[in-house]
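Text of data.cif, listed as mmCIF, C-alpha atoms:
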```
data_coords
loop_
_atom_site.label_atom_id
_atom_site.label_comp_id
_atom_site.auth_asym_id
_atom_site.auth_seq_id
_atom_site.Cartn_x
_atom_site.Cartn_y
_atom_site.Cartn_z
CA MET N 29 -39.94 49.41 9.80
CA ASP N 30 -38.48 47.97 12.93
CA LYS N 31 -41.59 45.85 13.22
CA LYS N 32 -41.19 44.53 9.70
CA LYS N 33 -37.54 43.68 10.29
CA HIS N 34 -38.49 41.86 13.46
CA ASP N 35 -41.06 39.83 11.52
CA SER N 36 -38.53 38.86 8.95
CA HIS N 37 -36.19 37.75 11.72
CA GLN N 38 -38.91 35.64 13.25
CA HIS N 39 -39.52 34.06 9.90
CA GLU N 40 -35.85 33.27 9.33
CA LYS N 41 -35.52 32.05 12.87
CA LYS N 42 -38.34 29.61 12.29
CA ALA N 43 -36.76 28.25 9.14
CA ASP N 44 -33.46 27.82 10.93
CA ALA N 45 -35.11 26.35 13.99
CA SER N 46 -36.54 23.48 11.98
CA GLN N 47 -33.03 22.57 10.84
CA GLU N 48 -31.21 23.38 14.05
CA LYS N 49 -33.84 22.07 16.45
CA VAL N 50 -33.50 25.18 18.59
CA GLU N 51 -36.30 25.66 21.12
CA VAL N 52 -38.41 28.68 20.12
CA ALA N 53 -41.21 28.28 22.64
CA GLN N 54 -40.93 31.86 23.92
CA PRO N 55 -39.52 34.87 22.11
CA LEU N 56 -35.83 35.51 22.75
CA SER N 57 -34.29 38.85 23.56
CA ASP N 58 -32.06 40.20 20.78
CA ALA N 59 -29.01 39.56 22.94
CA ASP N 60 -30.01 35.91 23.47
CA ARG N 61 -30.85 35.55 19.81
CA ILE N 62 -27.40 36.90 18.88
CA LYS N 63 -25.72 34.53 21.30
CA GLU N 64 -27.74 31.63 19.96
CA LEU N 65 -26.88 32.49 16.35
CA GLU N 66 -23.20 32.94 17.16
CA GLU N 67 -23.13 29.51 18.76
CA ALA N 68 -25.01 27.95 15.87
CA LEU N 69 -22.64 29.59 13.40
CA ALA N 70 -19.60 28.34 15.30
CA ALA N 71 -21.05 24.82 15.41
CA LYS N 72 -21.88 24.92 11.69
CA GLY N 73 -18.35 26.14 11.01
CA LEU N 74 -16.93 23.12 12.83
CA GLU N 75 -19.30 20.80 11.02
CA SER N 76 -18.35 22.24 7.64
CA ALA N 77 -14.65 21.93 8.43
CA ALA N 78 -15.16 18.35 9.61
CA ASN N 79 -17.00 17.49 6.37
CA TRP N 80 -14.21 19.06 4.36
CA ASP N 81 -11.67 16.98 6.27
CA LYS N 82 -13.63 13.83 5.60
CA TYR N 83 -13.68 14.73 1.92
CA LEU N 84 -9.93 15.36 1.88
CA ARG N 85 -9.22 12.12 3.67
CA GLU N 86 -11.40 10.14 1.28
CA ARG N 87 -9.69 11.81 -1.68
CA ALA N 88 -6.27 10.94 -0.27
CA ASP N 89 -7.43 7.35 0.26
CA LEU N 90 -8.52 7.13 -3.36
CA GLU N 91 -5.19 8.55 -4.51
CA ASN N 92 -3.19 6.10 -2.39
CA TYR N 93 -5.38 3.23 -3.50
CA ARG N 94 -4.82 4.15 -7.15
CA LYS N 95 -1.05 4.07 -6.65
CA ARG N 96 -1.18 0.77 -4.78
CA VAL N 97 -3.42 -0.75 -7.45
CA GLN N 98 -0.96 0.22 -10.17
CA LYS N 99 1.79 -1.73 -8.40
CA GLU N 100 -0.54 -4.62 -7.64
CA LYS N 101 -1.55 -4.87 -11.29
CA GLU N 102 2.06 -5.18 -12.35
CA GLU N 103 2.59 -7.87 -9.71
CA ILE N 104 -0.49 -9.77 -10.83
CA LEU N 105 0.56 -9.67 -14.47
CA LYS N 106 3.94 -11.11 -13.47
CA TYR N 107 2.31 -13.65 -11.22
CA GLY N 108 -0.01 -14.89 -13.98
CA LYS N 109 2.95 -15.37 -16.29
CA GLU N 110 5.06 -17.01 -13.60
CA GLU N 111 2.35 -19.54 -12.82
CA VAL N 112 2.30 -20.76 -16.43
CA ILE N 113 6.08 -20.65 -16.76
CA MET N 114 6.53 -22.84 -13.66
CA GLU N 115 4.22 -25.44 -15.20
CA ILE N 116 6.17 -25.38 -18.46
CA LEU N 117 9.61 -25.99 -16.94
CA PRO N 118 9.18 -29.77 -16.42
CA ALA N 119 8.48 -30.14 -20.16
CA LEU N 120 11.71 -28.26 -20.86
CA ASP N 121 13.56 -30.63 -18.53
CA ASN N 122 12.11 -33.56 -20.41
CA LEU N 123 13.24 -32.23 -23.78
CA GLU N 124 16.73 -31.55 -22.34
CA ARG N 125 16.92 -35.13 -21.10
CA ALA N 126 15.61 -36.55 -24.38
CA ILE N 127 18.39 -34.74 -26.25
CA ASP N 128 21.04 -35.77 -23.70
CA HIS N 129 20.06 -39.42 -24.00
CA ALA N 130 19.68 -39.55 -27.78
CA ASN N 131 22.65 -41.60 -28.95
CA GLU N 132 22.39 -40.68 -32.60
CA GLU N 133 21.25 -37.72 -34.67
CA SER N 134 17.89 -38.09 -36.39
CA ALA N 135 15.10 -35.89 -37.70
CA ILE N 136 13.26 -36.21 -34.43
CA VAL N 137 16.29 -35.33 -32.30
CA GLU N 138 16.73 -32.28 -34.52
CA GLY N 139 13.05 -31.45 -34.05
CA VAL N 140 13.32 -31.72 -30.29
CA ARG N 141 16.41 -29.52 -30.26
CA LEU N 142 14.53 -26.93 -32.33
CA THR N 143 11.48 -27.10 -30.09
CA LEU N 144 13.60 -26.67 -26.98
CA SER N 145 15.29 -23.62 -28.39
CA MET N 146 11.89 -22.21 -29.45
CA LEU N 147 10.59 -22.70 -25.91
CA LEU N 148 13.68 -21.08 -24.44
CA SER N 149 13.36 -18.03 -26.68
CA ALA N 150 9.64 -17.80 -25.95
CA LEU N 151 10.38 -17.83 -22.21
CA LYS N 152 13.23 -15.38 -22.64
CA LYS N 153 10.68 -12.82 -23.88
CA PHE N 154 9.15 -12.98 -20.42
CA GLY N 155 12.50 -12.58 -18.69
CA VAL N 156 13.26 -16.27 -18.10
CA THR N 157 16.95 -17.24 -18.41
CA PRO N 158 18.79 -20.44 -17.37
CA VAL N 159 21.06 -20.36 -14.34
CA GLU N 160 24.50 -20.63 -15.93
CA THR N 161 26.52 -23.44 -14.38
CA PRO N 162 29.65 -24.22 -16.38
CA GLN N 163 31.70 -27.04 -14.81
CA GLY N 164 33.86 -25.66 -12.03
CA THR N 165 31.39 -22.92 -11.01
CA PRO N 166 31.65 -22.43 -7.24
CA PHE N 167 28.57 -23.81 -5.51
CA ASN N 168 26.24 -20.96 -4.52
CA PRO N 169 23.21 -21.88 -2.40
CA GLU N 170 21.45 -18.79 -3.75
CA PHE N 171 21.16 -20.43 -7.20
CA HIS N 172 22.15 -24.08 -6.77
CA GLN N 173 20.69 -27.00 -4.88
CA ALA N 174 23.20 -29.74 -4.00
CA MET N 175 21.95 -33.25 -4.84
CA GLY N 176 25.11 -34.98 -3.72
CA GLN N 177 28.89 -34.82 -3.42
CA VAL N 178 31.44 -36.32 -5.77
CA GLU N 179 35.06 -37.02 -4.77
CA SER N 180 37.27 -35.28 -7.24
CA ALA N 181 41.04 -34.86 -7.45
CA ASP N 182 40.72 -32.61 -10.52
CA GLN N 183 38.18 -30.07 -9.31
CA GLU N 184 38.33 -27.49 -6.55
CA PRO N 185 36.24 -28.60 -3.56
CA ASN N 186 32.78 -27.02 -3.42
CA THR N 187 32.57 -26.44 -7.19
CA ILE N 188 29.88 -27.85 -9.48
CA VAL N 189 30.68 -31.23 -11.09
CA ALA N 190 27.42 -31.95 -12.95
CA VAL N 191 23.94 -30.45 -13.42
CA PHE N 192 20.99 -32.81 -13.00
CA GLN N 193 18.34 -30.27 -13.79
CA LYS N 194 18.72 -26.73 -15.08
CA GLY N 195 17.78 -23.81 -12.88
CA TYR N 196 15.95 -20.74 -14.13
CA LEU N 197 15.81 -17.06 -13.27
CA LEU N 198 12.85 -14.78 -13.88
CA ASN N 199 14.07 -11.22 -14.32
CA GLU N 200 17.24 -11.95 -12.30
CA ARG N 201 15.18 -13.47 -9.48
CA LEU N 202 15.48 -17.24 -8.86
CA LEU N 203 12.54 -19.17 -10.26
CA ARG N 204 13.99 -22.62 -9.62
CA PRO N 205 17.51 -23.56 -8.45
CA ALA N 206 19.83 -25.70 -10.58
CA MET N 207 20.15 -29.19 -9.13
CA VAL N 208 23.84 -30.08 -9.06
CA THR N 209 26.52 -32.35 -7.63
CA VAL N 210 29.42 -30.75 -5.83
CA ALA N 211 33.12 -31.72 -5.71
CA VAL N 212 34.76 -32.80 -2.43
CA LYS N 213 38.41 -33.72 -1.74
CA PRO N 214 38.99 -37.48 -2.20
CA ALA N 215 39.32 -39.40 1.07
CA ALA N 216 43.06 -40.12 1.68
CA MET R 2 -24.48 41.71 33.61
CA ASP R 3 -25.88 43.04 30.36
CA LYS R 4 -22.60 44.87 29.86
CA LYS R 5 -20.59 41.71 30.35
CA LYS R 6 -22.81 39.84 27.92
CA HIS R 7 -22.33 42.56 25.35
CA ASP R 8 -18.54 42.32 25.77
CA SER R 9 -18.59 38.64 25.24
CA HIS R 10 -20.63 39.18 22.08
CA GLN R 11 -18.13 41.69 20.85
CA HIS R 12 -15.38 39.21 21.48
CA GLU R 13 -17.15 36.41 19.63
CA LYS R 14 -18.07 38.73 16.84
CA LYS R 15 -14.44 39.63 16.37
CA ALA R 16 -13.37 36.02 16.29
CA ASP R 17 -16.01 35.21 13.69
CA ALA R 18 -15.23 38.32 11.73
CA SER R 19 -11.67 37.22 11.17
CA GLN R 20 -12.96 33.95 9.67
CA GLU R 21 -15.95 35.39 7.88
CA LYS R 22 -14.27 38.58 6.70
CA VAL R 23 -17.31 40.60 7.80
CA GLU R 24 -16.72 44.32 7.95
CA VAL R 25 -16.80 45.46 11.59
CA ALA R 26 -15.63 49.03 11.06
CA GLN R 27 -18.63 50.49 12.88
CA PRO R 28 -20.77 48.83 15.52
CA LEU R 29 -23.91 47.18 14.13
CA SER R 30 -27.35 47.47 15.60
CA ASP R 31 -28.59 44.27 17.22
CA ALA R 32 -31.10 43.84 14.39
CA ASP R 33 -28.38 44.17 11.74
CA ARG R 34 -26.15 41.85 13.68
CA ILE R 35 -28.92 39.26 13.86
CA LYS R 36 -29.54 39.58 10.12
CA GLU R 37 -25.84 39.25 9.42
CA LEU R 38 -25.53 36.18 11.63
CA GLU R 39 -28.58 34.54 10.10
CA GLU R 40 -27.13 35.03 6.64
CA ALA R 41 -23.74 33.73 7.73
CA LEU R 42 -25.39 30.71 9.31
CA ALA R 43 -27.39 29.96 6.17
CA ALA R 44 -24.23 30.29 4.05
CA LYS R 45 -22.27 28.06 6.40
CA GLY R 46 -25.10 25.53 6.26
CA LEU R 47 -24.86 25.42 2.48
CA GLU R 48 -21.09 25.13 2.64
CA SER R 49 -21.26 22.28 5.12
CA ALA R 50 -23.82 20.43 2.98
CA ALA R 51 -21.66 20.96 -0.12
CA ASN R 52 -18.62 19.56 1.70
CA TRP R 53 -20.64 16.56 2.81
CA ASP R 54 -21.75 15.98 -0.78
CA LYS R 55 -18.16 16.14 -1.99
CA TYR R 56 -17.25 13.59 0.66
CA LEU R 57 -20.08 11.27 -0.35
CA ARG R 58 -19.19 11.55 -4.03
CA GLU R 59 -15.53 10.80 -3.33
CA ARG R 60 -16.54 7.82 -1.21
CA ALA R 61 -18.78 6.50 -3.99
CA ASP R 62 -15.91 6.95 -6.46
CA LEU R 63 -13.62 4.91 -4.24
CA GLU R 64 -16.24 2.19 -3.93
CA ASN R 65 -16.80 2.02 -7.69
CA TYR R 66 -13.09 2.06 -8.34
CA ARG R 67 -12.59 -0.84 -5.91
CA LYS R 68 -15.19 -2.91 -7.75
CA ARG R 69 -13.71 -2.07 -11.14
CA VAL R 70 -10.21 -2.91 -9.91
CA GLN R 71 -11.34 -6.33 -8.73
CA LYS R 72 -12.55 -7.16 -12.23
CA GLU R 73 -9.48 -5.64 -13.83
CA LYS R 74 -7.18 -7.72 -11.63
CA GLU R 75 -8.90 -10.91 -12.74
CA GLU R 76 -8.55 -9.82 -16.36
CA ILE R 77 -4.88 -9.00 -15.93
CA LEU R 78 -4.15 -12.35 -14.29
CA LYS R 79 -5.80 -14.08 -17.26
CA TYR R 80 -3.99 -11.84 -19.69
CA GLY R 81 -0.58 -12.61 -18.17
CA LYS R 82 -1.24 -16.32 -18.45
CA GLU R 83 -2.62 -16.03 -21.97
CA GLU R 84 0.47 -14.16 -23.18
CA VAL R 85 2.74 -17.02 -22.09
CA ILE R 86 0.36 -19.70 -23.34
CA MET R 87 0.25 -18.13 -26.80
CA GLU R 88 4.04 -18.25 -26.96
CA ILE R 89 4.06 -21.91 -25.92
CA LEU R 90 1.65 -23.13 -28.59
CA PRO R 91 4.17 -23.19 -31.49
CA ALA R 92 6.36 -25.55 -29.43
CA LEU R 93 3.35 -27.81 -28.97
CA ASP R 94 2.75 -27.75 -32.71
CA ASN R 95 6.36 -28.75 -33.27
CA LEU R 96 6.13 -31.70 -30.92
CA GLU R 97 2.87 -32.79 -32.59
CA ARG R 98 4.56 -32.67 -35.99
CA ALA R 99 7.67 -34.50 -34.72
CA ILE R 100 5.46 -37.34 -33.50
CA ASP R 101 3.40 -37.40 -36.69
CA HIS R 102 6.52 -37.66 -38.82
CA ALA R 103 8.40 -40.21 -36.71
CA ASN R 104 8.29 -43.36 -38.79
CA GLU R 105 9.32 -45.72 -36.01
CA GLU R 106 8.98 -45.96 -32.26
CA SER R 107 12.09 -45.10 -30.26
CA ALA R 108 12.96 -43.84 -26.78
CA ILE R 109 13.03 -40.29 -28.06
CA VAL R 110 9.63 -40.53 -29.80
CA GLU R 111 8.26 -41.90 -26.54
CA GLY R 112 9.90 -39.00 -24.68
CA VAL R 113 8.38 -36.45 -27.04
CA ARG R 114 4.94 -38.02 -26.68
CA LEU R 115 5.30 -37.85 -22.89
CA THR R 116 6.47 -34.23 -23.01
CA LEU R 117 3.58 -33.26 -25.23
CA SER R 118 1.07 -34.84 -22.90
CA MET R 119 2.78 -33.12 -19.93
CA LEU R 120 2.49 -29.77 -21.67
CA LEU R 121 -1.14 -30.39 -22.54
CA SER R 122 -2.01 -31.27 -18.93
CA ALA R 123 -0.08 -28.24 -17.68
CA LEU R 124 -2.04 -25.99 -20.03
CA LYS R 125 -5.29 -27.73 -19.14
CA LYS R 126 -4.82 -26.49 -15.56
CA PHE R 127 -5.13 -22.97 -16.94
CA GLY R 128 -8.23 -23.81 -18.94
CA VAL R 129 -6.56 -24.56 -22.29
CA THR R 130 -8.18 -27.36 -24.30
CA PRO R 131 -7.71 -28.40 -27.94
CA VAL R 132 -10.43 -27.65 -30.46
CA GLU R 133 -11.83 -31.12 -31.16
CA THR R 134 -11.94 -31.80 -34.87
CA PRO R 135 -12.65 -35.45 -35.61
CA GLN R 136 -12.77 -36.18 -39.33
CA GLY R 137 -16.17 -35.29 -40.71
CA THR R 138 -16.78 -32.42 -38.25
CA PRO R 139 -18.78 -29.74 -40.05
CA PHE R 140 -16.59 -26.72 -40.79
CA ASN R 141 -17.34 -23.94 -38.31
CA PRO R 142 -15.68 -20.57 -38.93
CA GLU R 143 -15.99 -19.82 -35.21
CA PHE R 144 -13.35 -22.48 -34.42
CA HIS R 145 -11.78 -23.50 -37.74
CA GLN R 146 -9.72 -21.72 -40.34
CA ALA R 147 -9.91 -23.23 -43.85
CA MET R 148 -6.50 -23.69 -45.47
CA GLY R 149 -7.85 -25.26 -48.62
CA GLN R 150 -10.49 -27.49 -50.16
CA VAL R 151 -10.22 -31.16 -51.01
CA GLU R 152 -12.50 -32.92 -53.48
CA SER R 153 -14.05 -35.85 -51.74
CA ALA R 154 -16.65 -38.37 -52.79
CA ASP R 155 -16.65 -39.99 -49.33
CA GLN R 156 -17.18 -36.96 -47.12
CA GLU R 157 -20.06 -34.56 -46.80
CA PRO R 158 -19.21 -31.23 -48.42
CA ASN R 159 -18.06 -28.56 -45.96
CA THR R 160 -16.79 -31.06 -43.39
CA ILE R 161 -13.21 -31.26 -42.11
CA VAL R 162 -10.88 -33.59 -44.03
CA ALA R 163 -7.55 -32.96 -42.26
CA VAL R 164 -6.09 -30.75 -39.52
CA PHE R 165 -2.83 -28.95 -40.32
CA GLN R 166 -2.46 -27.32 -36.95
CA LYS R 167 -4.47 -27.86 -33.80
CA GLY R 168 -6.65 -25.08 -32.48
CA TYR R 169 -6.99 -24.23 -28.80
CA LEU R 170 -9.64 -22.81 -26.50
CA LEU R 171 -8.97 -20.91 -23.30
CA ASN R 172 -11.89 -21.34 -20.93
CA GLU R 173 -14.28 -22.07 -23.82
CA ARG R 174 -13.10 -18.94 -25.67
CA LEU R 175 -11.11 -19.39 -28.91
CA LEU R 176 -7.38 -18.86 -28.38
CA ARG R 177 -6.34 -19.99 -31.85
CA PRO R 178 -8.45 -21.61 -34.60
CA ALA R 179 -7.69 -25.10 -35.93
CA MET R 180 -6.21 -24.91 -39.43
CA VAL R 181 -8.05 -27.41 -41.59
CA THR R 182 -8.87 -28.56 -45.10
CA VAL R 183 -12.51 -28.84 -46.05
CA ALA R 184 -14.31 -31.34 -48.28
CA VAL R 185 -15.98 -30.22 -51.53
CA LYS R 186 -18.03 -32.25 -54.01
CA PRO R 187 -15.79 -33.67 -56.73
CA ALA R 188 -16.10 -31.89 -60.11
CA ALA R 189 -18.28 -34.02 -62.38
#
```
Could you render the structure from this file as structure tokens?
Amino acid sequence: MDKKKHDSHQHEKKADASQEKVEVAQPLSDADRIKELEEALAAKGLESAANWDKYLRERADLENYRKRVQKEKEEILKYGKEEVIMEILPALDNLERAIDHANEESAIVEGVRLTLSMLLSALKKFGVTPVETPQGTPFNPEFHQAMGQVESADQEPNTIVAVFQKGYLLNERLLRPAMVTVAVKPAA
Amino acid sequence: MDKKKHDSHQHEKKADASQEKVEVAQPLSDADRIKELEEALAAKGLESAANWDKYLRERADLENYRKRVQKEKEEILKYGKEEVIMEILPALDNLERAIDHANEESAIVEGVRLTLSMLLSALKKFGVTPVETPQGTPFNPEFHQAMGQVESADQEPNTIVAVFQKGYLLNERLLRPAMVTVAVKPAA
């Protein structure tokens, strides 16, 4: 029976040896065989743990990537919209100017006014709103770009006198500053 | 020396036992210990291989996800643009109509014409082009929507007589069909 057991060990050892590349040229004593197996088991344990760690790290990477992608997608959607919106603004400016310069009412002036308000509501859906600049608004470099200064006895210095071109916000963030002239004290 | 070796085995066995949860209530024979270790080693080998597989699968998932995300990002960018473009088209229609109905040239008609061509070039940058429908174009349901039929002795039946509203393509794909009337043979 002992003989049979020994045979079965030899057999298993051989199978392991092919995987582990352990030298089996001459038969080992039981004590050496135990030592060898214990070492192999410890090494395999480390290998298994290392593989598990690699798996966990890869899984965490995937999870982080998923979260980052979600944010990136939202940014890209916004960016795509913003690109088109920026290209549309000059047409809005043109319509504004056409209305400002029309010296009489007519069907076409009415049409342009309607189109402008359609465009503004369309853009509003995407979060675009004009920078509000009623006369007398204090100049704010965060939203306004000064095109020049105008001497004024009526207006507080450093307030907006006129708007050359409307500014726009996209979801509260500046898309384009309003181009304005700013009041200064008249020279004495 | 043999004694010392045996001690060291006992020590290692204990350490392993705590991880492997192997019963060590009574000392094992060397043969049993070898059998036990061989089994533990085989099990550990399977575990390690399974962990490696999990790692590989997770890595492949990440790779596939990355590729999918790249495509999705391109789609989202297009989608963001398309959403804004679709909202802009009615304003274009309005400007087209204003020009069509203007019965005399004026600064404002000129301004509207300019604005329309600015808008069209802006949209062209994003791949938007009008559906071309010169009179006599055969009606094609892929690009045209029939609003009605017009008896015509001059035009081939099933060709376009007039365009009510321009259609647009986005990168060769239909964004909106052209709304047209179609010629039919006059009733005898």
task = Could you tell me which residues the PyMOL selection byres ((chain N and resi 157) around 8) grabs in this file, written as a ChimeraX atom specification?
result = /N:148,151-152,155-156,158-159,196-199
Within 12 Å of region 141-164 of chain R, which residues of region 22-111 of chain R show up? Give each one with its shortest atom-to-atom distance in Å (one decimal) and the two atoms involved, counting all atoms listed in the file, rows by chain then rising residue number, as a Markdown table.
```
| residue | atom | partner | partner_atom | distance |
| --- | --- | --- | --- | --- |
| R:Asp94 | CA | R:Val164 | CA | 11.6 |
| R:Glu97 | CA | R:Val164 | CA | 11.5 |
| R:Arg98 | CA | R:Val164 | CA | 11.4 |
| R:Asp101 | CA | R:Val164 | CA | 11.9 |
```
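Proximity to region 77-92 of chain N at 7 Å, evaluated using all atoms listed in the file and with sequence-adjacent residues fewer than 2 positions away removed, yields Gly73, Leu74, Glu75, Arg94, Lys95 and Arg96 of chain N; Ser49, Asn52, Trp53, Lys55, Tyr56, Glu59, Arg60 and Leu63 of chain R.
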Straight-line distance linking CA of Glu200 (chain N) with CA of Val85 (chain R), stated in Å to one decimal =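 Spanning CA of Glu200 (chain N) to CA of Val85 (chain R) is a straight-line distance of 18.2 Å.
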request  = Up to 6 Å from chain N, what residues of chain R turn up? Count all atoms listed in the file and give them as a ChimeraX atom specification.
outcome  = /R:35,42,49,52-53,56,63,77-78,81-82,88,92,99,109,116,123
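For the atom pair formed by CA of Thr134 (chain R) and CA of Arg174 (chain R), the distance is 15.9 Å, given to one decimal.
For the pair CA of Thr182 (chain R) and CA of Pro135 (chain R), the separation is 12.3 Å.
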Need the axis-aligned box for region 162-176 of chain R with 5 Å each side, so what are the centre and edges in Å to one decimal, as AutoDock Vina command-line options?
```
--center_x -8.4 --center_y -26.2 --center_z -32.5 --size_x 21.8 --size_y 24.7 --size_z 33.1
```
